[in-house]
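Q: Here you go, coords-v4.cif (mmCIF, C-alpha atoms):
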data_my_file
#
loop_
_atom_site.label_atom_id
_atom_site.label_comp_id
_atom_site.auth_asym_id
_atom_site.auth_seq_id
_atom_site.Cartn_x
_atom_site.Cartn_y
_atom_site.Cartn_z
CA GLN O 1 77.30 129.63 69.26
CA THR O 2 80.62 127.95 68.52
CA THR O 3 83.51 128.36 66.10
CA ALA O 4 84.20 124.62 65.83
CA SER O 5 84.50 123.48 62.24
CA ALA O 6 81.88 121.36 60.49
CA ILE O 7 79.23 121.51 63.18
CA SER O 8 75.63 120.42 62.79
CA ALA O 9 72.71 120.83 65.20
CA CYS O 10 69.89 118.49 66.17
CA LEU O 11 67.35 118.08 68.94
CA VAL O 12 67.65 115.28 71.51
CA GLY O 13 64.47 115.31 73.57
CA SER O 14 64.19 118.86 74.82
CA GLU O 15 67.96 119.43 74.71
CA MET O 16 69.90 121.05 71.92
CA CYS O 17 72.66 118.75 70.69
CA ILE O 18 75.52 120.13 68.58
CA ARG O 19 77.76 117.67 66.76
CA ASP O 20 81.08 118.08 64.99
CA ARG O 21 81.44 115.95 61.87
CA SER O 22 85.25 115.67 62.11
CA GLU O 23 86.68 112.16 62.20
CA ILE O 24 89.39 111.66 64.79
CA VAL O 25 87.53 113.20 67.77
CA LYS O 26 83.75 113.27 67.90
CA PHE O 27 82.24 116.39 69.43
CA GLU O 28 78.77 116.69 70.93
CA ASN O 29 77.30 119.49 73.00
CA ILE O 30 74.21 118.21 74.85
CA GLY O 31 72.62 120.91 76.93
CA ASN O 32 75.41 122.25 79.15
CA VAL O 33 77.60 119.14 78.74
CA THR O 34 80.34 118.71 76.14
CA LEU O 35 81.14 115.12 75.14
CA LEU O 36 84.43 114.37 73.37
CA THR O 37 84.86 110.84 72.02
CA LEU O 38 88.22 109.48 70.86
CA ASN O 39 87.29 108.09 67.48
CA ASP O 40 89.81 105.66 66.03
CA PRO O 41 88.25 102.37 67.18
CA ASP O 42 90.23 100.22 64.74
CA ARG O 43 93.38 101.19 66.68
CA LEU O 44 91.61 101.17 70.05
CA ASN O 45 91.73 104.97 69.94
CA ALA O 46 95.52 105.11 70.13
CA LEU O 47 96.64 108.70 70.63
CA SER O 48 98.02 110.16 67.44
CA LEU O 49 99.38 113.70 67.42
CA GLU O 50 96.34 114.65 65.33
CA MET O 51 94.02 113.28 68.01
CA ILE O 52 95.87 115.14 70.77
CA SER O 53 95.71 118.32 68.67
CA GLU O 54 91.96 117.94 68.18
CA LEU O 55 91.35 117.27 71.88
CA HIS O 56 93.43 120.30 72.75
CA ARG O 57 91.55 122.44 70.23
CA TYR O 58 88.26 121.76 71.97
CA VAL O 59 89.75 122.30 75.43
CA LYS O 60 91.11 125.68 74.32
CA MET O 61 87.68 126.58 72.93
CA ILE O 62 86.17 125.85 76.33
CA ILE O 63 88.85 127.92 78.08
CA ASN O 64 88.23 130.81 75.66
CA ASN O 65 84.44 130.59 76.20
CA GLU O 66 83.87 129.72 72.54
CA LEU O 67 81.81 126.72 73.69
CA GLU O 68 78.99 127.24 76.13
CA THR O 69 79.54 124.28 78.40
CA ARG O 70 79.60 123.62 82.13
CA CYS O 71 80.97 120.05 82.21
CA LEU O 72 83.33 118.07 79.93
CA VAL O 73 83.14 114.30 79.39
CA ILE O 74 85.85 112.32 77.56
CA THR O 75 85.31 108.73 76.42
CA GLY O 76 86.35 106.35 73.64
CA ALA O 77 84.53 104.89 70.65
CA GLY O 78 84.18 101.15 70.18
CA ARG O 79 85.60 98.51 72.52
CA GLY O 80 88.39 100.51 74.13
CA PHE O 81 88.99 103.87 75.77
CA CYS O 82 92.56 104.37 74.57
CA ALA O 83 95.43 101.93 73.93
CA GLY O 84 98.12 104.58 74.48
CA ALA O 85 100.29 106.45 72.00
CA ASN O 86 99.96 105.56 68.33
CA LEU O 87 103.33 103.87 67.81
CA ILE O 88 102.56 103.00 64.19
CA GLU O 89 102.25 106.71 63.39
CA GLY O 90 105.71 107.46 64.78
CA ALA O 91 107.38 104.45 63.20
CA GLY O 92 105.91 105.25 59.82
CA GLN O 93 107.38 108.76 59.73
CA SER O 94 111.00 108.02 60.56
CA SER O 95 113.43 105.35 61.66
CA PHE O 96 113.28 104.23 65.29
CA GLU O 97 116.64 105.92 65.91
CA ASP O 98 115.15 109.29 64.95
CA ILE O 99 112.05 109.07 67.16
CA ASP O 100 112.08 111.43 70.14
CA PRO O 101 109.07 110.66 72.36
CA GLY O 102 110.15 113.35 74.82
CA LYS O 103 109.77 116.01 72.13
CA ALA O 104 106.26 114.83 71.31
CA LEU O 105 105.38 115.06 74.99
CA GLU O 106 106.73 118.59 75.36
CA GLU O 107 105.24 119.94 72.15
CA HIS O 108 101.85 118.20 72.11
CA TYR O 109 100.87 116.25 75.23
CA HIS O 110 102.05 118.70 77.88
CA PRO O 111 100.27 121.82 76.56
CA PHE O 112 97.08 119.78 76.26
CA LEU O 113 97.35 118.26 79.74
CA ILE O 114 98.14 121.61 81.36
CA ASP O 115 95.07 123.21 79.79
CA LEU O 116 92.97 120.17 80.66
CA LYS O 117 94.09 120.40 84.29
CA ASN O 118 93.30 124.13 84.39
CA LEU O 119 89.75 123.79 83.05
CA LYS O 120 87.37 125.76 85.24
CA ILE O 121 84.56 123.24 84.77
CA PRO O 122 84.25 119.63 86.00
CA LEU O 123 85.89 116.90 83.91
CA ILE O 124 84.52 113.35 83.85
CA THR O 125 86.30 110.50 82.08
CA ALA O 126 84.25 107.48 81.02
CA VAL O 127 86.60 104.52 80.55
CA ASN O 128 85.31 101.73 78.33
CA GLY O 129 87.61 98.78 77.73
CA VAL O 130 91.39 99.18 77.78
CA ALA O 131 93.09 102.32 79.11
CA ALA O 132 96.80 101.71 78.54
CA GLY O 133 99.95 103.83 78.64
CA ALA O 134 99.12 107.46 77.91
CA GLY O 135 95.52 106.30 77.53
CA CYS O 136 95.64 105.20 81.17
CA SER O 137 97.01 108.63 82.08
CA LEU O 138 94.11 110.31 80.29
CA GLY O 139 91.55 107.87 81.63
CA ILE O 140 92.37 108.57 85.28
CA PHE O 141 92.79 112.32 84.74
CA GLY O 142 89.11 113.10 85.29
CA ASP O 143 87.94 114.93 88.38
CA ILE O 144 85.56 111.99 88.56
CA VAL O 145 86.39 108.72 86.78
CA TYR O 146 83.74 106.19 85.75
CA ALA O 147 84.77 102.81 84.37
CA ALA O 148 82.83 100.04 82.67
CA LYS O 149 82.94 96.75 84.58
CA THR O 150 85.00 95.02 81.88
CA SER O 151 87.49 97.87 81.51
CA TYR O 152 91.06 97.73 82.79
CA PHE O 153 94.02 100.03 83.38
CA TYR O 154 97.48 99.19 82.15
CA GLN O 155 100.82 100.97 82.65
CA ALA O 156 102.36 99.38 79.58
CA PHE O 157 105.40 101.66 79.20
CA LYS O 158 107.99 99.16 80.48
CA PHE O 159 107.09 96.70 77.75
CA ILE O 160 108.42 99.08 75.09
CA GLY O 161 111.37 100.29 77.16
CA LEU O 162 109.89 103.67 78.09
CA VAL O 163 109.01 105.46 81.32
CA ALA O 164 105.53 106.32 82.54
CA ASP O 165 104.50 109.70 81.16
CA ALA O 166 101.58 111.98 80.25
CA SER O 167 101.26 112.94 83.95
CA SER O 168 101.18 109.34 85.24
CA THR O 169 104.02 109.82 87.72
CA PHE O 170 102.25 112.86 89.19
CA VAL O 171 98.63 111.74 89.26
CA ILE O 172 98.92 108.04 90.13
CA PRO O 173 100.91 108.27 93.41
CA ARG O 174 98.61 111.06 94.56
CA LYS O 175 95.62 108.81 94.00
CA ILE O 176 96.86 105.44 95.22
CA GLY O 177 100.11 106.10 97.10
CA MET O 178 103.76 105.52 96.21
CA ALA O 179 103.89 101.77 96.91
CA ARG O 180 101.00 100.87 94.62
CA ALA O 181 102.04 103.44 92.01
CA LEU O 182 105.52 101.90 91.73
CA GLU O 183 104.10 98.39 91.53
CA PHE O 184 101.52 99.47 88.94
CA SER O 185 104.23 100.84 86.63
CA LEU O 186 107.20 98.58 87.38
CA ILE O 187 105.32 95.26 87.26
CA GLY O 188 102.94 96.32 84.51
CA GLU O 189 99.94 94.41 85.81
CA LYS O 190 96.62 94.89 84.07
CA VAL O 191 94.38 96.31 86.78
CA ALA O 192 90.69 95.49 86.38
CA ALA O 193 88.06 98.13 87.07
CA ASP O 194 86.99 96.64 90.42
CA LYS O 195 90.59 96.54 91.65
CA ALA O 196 91.19 100.08 90.39
CA LEU O 197 88.17 101.16 92.43
CA ASP O 198 89.48 99.36 95.49
CA TRP O 199 92.84 101.10 95.07
CA GLY O 200 91.23 104.52 94.75
CA LEU O 201 92.43 105.01 91.18
CA ILE O 202 88.86 105.63 89.96
CA ASN O 203 85.53 106.66 91.47
CA HIS O 204 82.83 104.36 90.08
CA VAL O 205 82.41 101.02 88.28
CA VAL O 206 79.19 100.47 86.34
CA GLU O 207 77.81 97.84 84.00
CA ASP O 208 79.11 98.24 80.47
CA ASP O 209 75.74 99.00 78.92
CA LYS O 210 74.99 101.65 81.54
CA LEU O 211 78.31 103.51 81.41
CA MET O 212 77.37 106.46 79.24
CA SER O 213 73.85 106.95 80.60
CA THR O 214 75.28 106.96 84.13
CA VAL O 215 78.06 109.36 83.15
CA MET O 216 75.76 111.74 81.33
CA ASP O 217 73.39 111.82 84.30
CA ALA O 218 76.33 112.73 86.54
CA ALA O 219 77.64 115.29 84.05
CA THR O 220 74.23 116.93 83.75
CA ASN O 221 74.00 117.12 87.53
CA LEU O 222 77.42 118.79 87.74
CA ALA O 223 76.61 121.14 84.86
CA GLU O 224 73.53 122.32 86.72
CA GLY O 225 75.64 123.19 89.76
CA PRO O 226 77.55 126.36 90.77
CA THR O 227 80.31 125.69 88.27
CA VAL O 228 82.38 128.77 89.16
CA ALA O 229 82.70 127.43 92.72
CA LEU O 230 83.35 123.91 91.41
CA GLY O 231 86.18 125.23 89.22
CA LEU O 232 87.70 127.08 92.17
CA MET O 233 87.51 123.91 94.28
CA LYS O 234 89.32 121.95 91.57
CA GLN O 235 92.16 124.45 91.54
CA LEU O 236 92.41 124.43 95.33
CA TYR O 237 92.81 120.65 95.40
CA TRP O 238 95.44 120.67 92.64
CA ASP O 239 97.41 123.46 94.35
CA SER O 240 97.22 121.79 97.77
CA PHE O 241 100.02 119.37 96.86
CA ALA O 242 102.53 122.22 96.49
CA ASN O 243 101.22 124.56 99.20
CA THR O 244 102.04 124.70 102.87
CA PHE O 245 99.11 124.54 105.29
CA GLU O 246 99.21 128.32 105.73
CA GLU O 247 99.37 128.90 101.97
CA GLN O 248 96.46 126.55 101.37
CA ILE O 249 94.06 128.13 103.87
CA SER O 250 95.02 131.53 102.47
CA ALA O 251 94.17 130.26 98.97
CA GLU O 252 90.83 129.00 100.33
CA SER O 253 89.90 132.42 101.67
CA LYS O 254 90.82 134.13 98.38
CA ALA O 255 88.78 131.61 96.40
CA GLN O 256 85.87 132.03 98.81
CA THR O 257 85.90 135.79 98.21
CA ILE O 258 85.56 135.15 94.47
CA ALA O 259 82.85 132.52 94.94
CA GLY O 260 80.93 134.73 97.36
CA LYS O 261 80.56 137.43 94.72
CA THR O 262 79.01 135.15 92.10
CA GLU O 263 75.36 135.12 91.09
CA ASP O 264 75.22 131.46 92.03
CA SER O 265 76.26 132.17 95.61
CA LYS O 266 73.40 134.64 95.99
CA ILE O 267 71.01 132.15 94.38
CA GLY O 268 72.25 129.37 96.65
CA VAL O 269 71.90 131.36 99.85
CA MET O 270 68.40 132.60 98.98
CA SER O 271 67.30 129.11 97.95
CA PHE O 272 68.62 127.72 101.24
CA ILE O 273 66.74 130.35 103.25
CA GLN O 274 63.56 129.75 101.23
CA LYS O 275 64.03 125.97 101.40
CA GLN O 276 63.90 125.66 97.62
CA LYS O 277 66.16 123.86 95.16
CA ALA O 278 68.72 126.26 93.77
CA LYS O 279 68.72 126.87 90.01
CA PHE O 280 72.31 127.84 89.39
CA LYS O 281 73.45 129.74 86.28
CA GLY O 282 77.16 128.97 86.29
CA LYS O 283 77.91 132.66 86.83
#
Show me this structure written as structure tokens.

A:
Amino acid sequence: QTTASAISACLVGSEMCIRDRSEIVKFENIGNVTLLTLNDPDRLNALSLEMISELHRYVKMIINNELETRCLVITGAGRGFCAGANLIEGAGQSSFEDIDPGKALEEHYHPFLIDLKNLKIPLITAVNGVAAGAGCSLGIFGDIVYAAKTSYFYQAFKFIGLVADASSTFVIPRKIGMARALEFSLIGEKVAADKALDWGLINHVVEDDKLMSTVMDAATNLAEGPTVALGLMKQLYWDSFANTFEEQISAESKAQTIAGKTEDSKIGVMSFIQKQKAKFKGK
């Protein structure tokens, strides 16, 4: 069951697939995996405030358990993942002097990114084509990032006189170190998928025509796992950057107490003893 608007159902093989017929973000629920597709290919899926709002709506539905899902995948329609913020939208509404990009960040991007970070299920991003500016920030935000071989990552902010945003200055140095992060943003080099992999910015590079099948296989595998424990692990890793050593190992023990009381922990232990593959429930 879901409260998403304009939803239709179909069967894909033996899996139930639920689709949202809205335009700017495509929604599909395939088994235990939710797939969100940025859907403005004519603008290379540039992030409008409407698109951010729609993405956030689905994320909040997952947080509120209105969508039965155990893994989220975000990708882009057409030949690009996301070309960054939709500058045409902002310019069309007011004069350049009146535009306040900081306000848009605080009112729209930041609430979305905070909720996305706090998701208690795995997040995979599937980057096809360009991931620039805020689109780069979103593309590398996944717990696991897959990129098509011809895709590239681009910190384009300097070319329009702006600073890196949408969590870039937090996530990028933690992934690739301060030296490369500064070069990435200050020089503005387009970083190809293979180089991004070498840097540690992403996890996997796959052939373009195999991107989504590979990602959905990985997402299905994660969705079949002990997703309560996976969510707790995610939070531990995020919190580790602010915690002292003593605080972090204390957080581990508290999370382990929670995980140890789940149905999945009992299933996992019994399956290990019986030498059988565990069939986790996500509970």

Q: Tell me, in Å to one decimal, how far CA of Gly142 (chain O) is from CA of Leu67 (chain O).

A: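 Computing it gives 19.3 Å between the two atoms.
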
Q: Translate the PyMOL selection byres ((chain O and resi 151) around 6) into a concrete residue list for this structure, as a VMD selection string.

A: chain O and resid 128 to 130 148 to 150 152 193

Q: Can you give me, as a PyMOL selection string, the residues this file yields under the PyMOL selection byres ((chain O and resi 46-51) around 7)?

A: chain O and resi 24-25+43-45+52-55+82-86+89+108

Q: What gap, in Å, lies between CA of Val33 (chain O) and CA of Asn221 (chain O)?

A: 9.7 Å

Q: Tell me which residues the PyMOL selection byres ((chain O and resi 237) around 12) grabs here, as number ranges by chain.

A: O: 117-118, 143, 174, 230-236, 238-243, 248-249, 251-252, 255

Q: Using all atoms listed in the file, which residue out of O:Ala166, O:Ala278, O:Val127, O:Ile62 lies closest to Glu106 (chain O)?

A: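 Among the listed residues, the smallest separation from Glu106 (chain O) belongs to O:Ala166.
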
Q: At what distance in Å, to one decimal, does CA of Ala134 (chain O) lie from CA of Asn64 (chain O)?

A: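 One can read the CA of Asn64 (chain O) to CA of Ala134 (chain O) distance as 25.9 Å.
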
Q: For Ser168 (chain O), which of O:Leu113, O:Leu123, O:Met216, O:Ala223 is the closest residue, counting all atoms listed in the file?

A: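 Ranked by minimum distance to Ser168 (chain O), first place goes to O:Leu113.
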
Q: Within 7 Å of Gly282 (chain O), counting only C-alpha atoms, which residues show up once you throw out same-chain ones fewer than 4 positions away? Write them as a list in words, please.

A: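 Once the adjacent positions are removed, what remains is Gly225, Pro226, Thr227, Val228 and Asp264 of chain O.
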
Q: Leaving out Gly177 (chain O) and any residue of its chain fewer than 6 positions from it, which residues lie within 10 Å of it when counting only C-alpha atoms, given as JSON, numbers by chain?

A: {"O": [171, 199, 200, 201]}

Q: Please save C-alpha atoms of the selected residues as a compact mmCIF listing (two decimals), in the coordinates of the input.

A:
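Okay, this is what ended up in result_9.txt:
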# COMPACT_ATOMS: atom_id res chain seq x y z
CA VAL O 171 98.63 111.74 89.26
CA TRP O 199 92.84 101.10 95.07
CA GLY O 200 91.23 104.52 94.75
CA LEU O 201 92.43 105.01 91.18
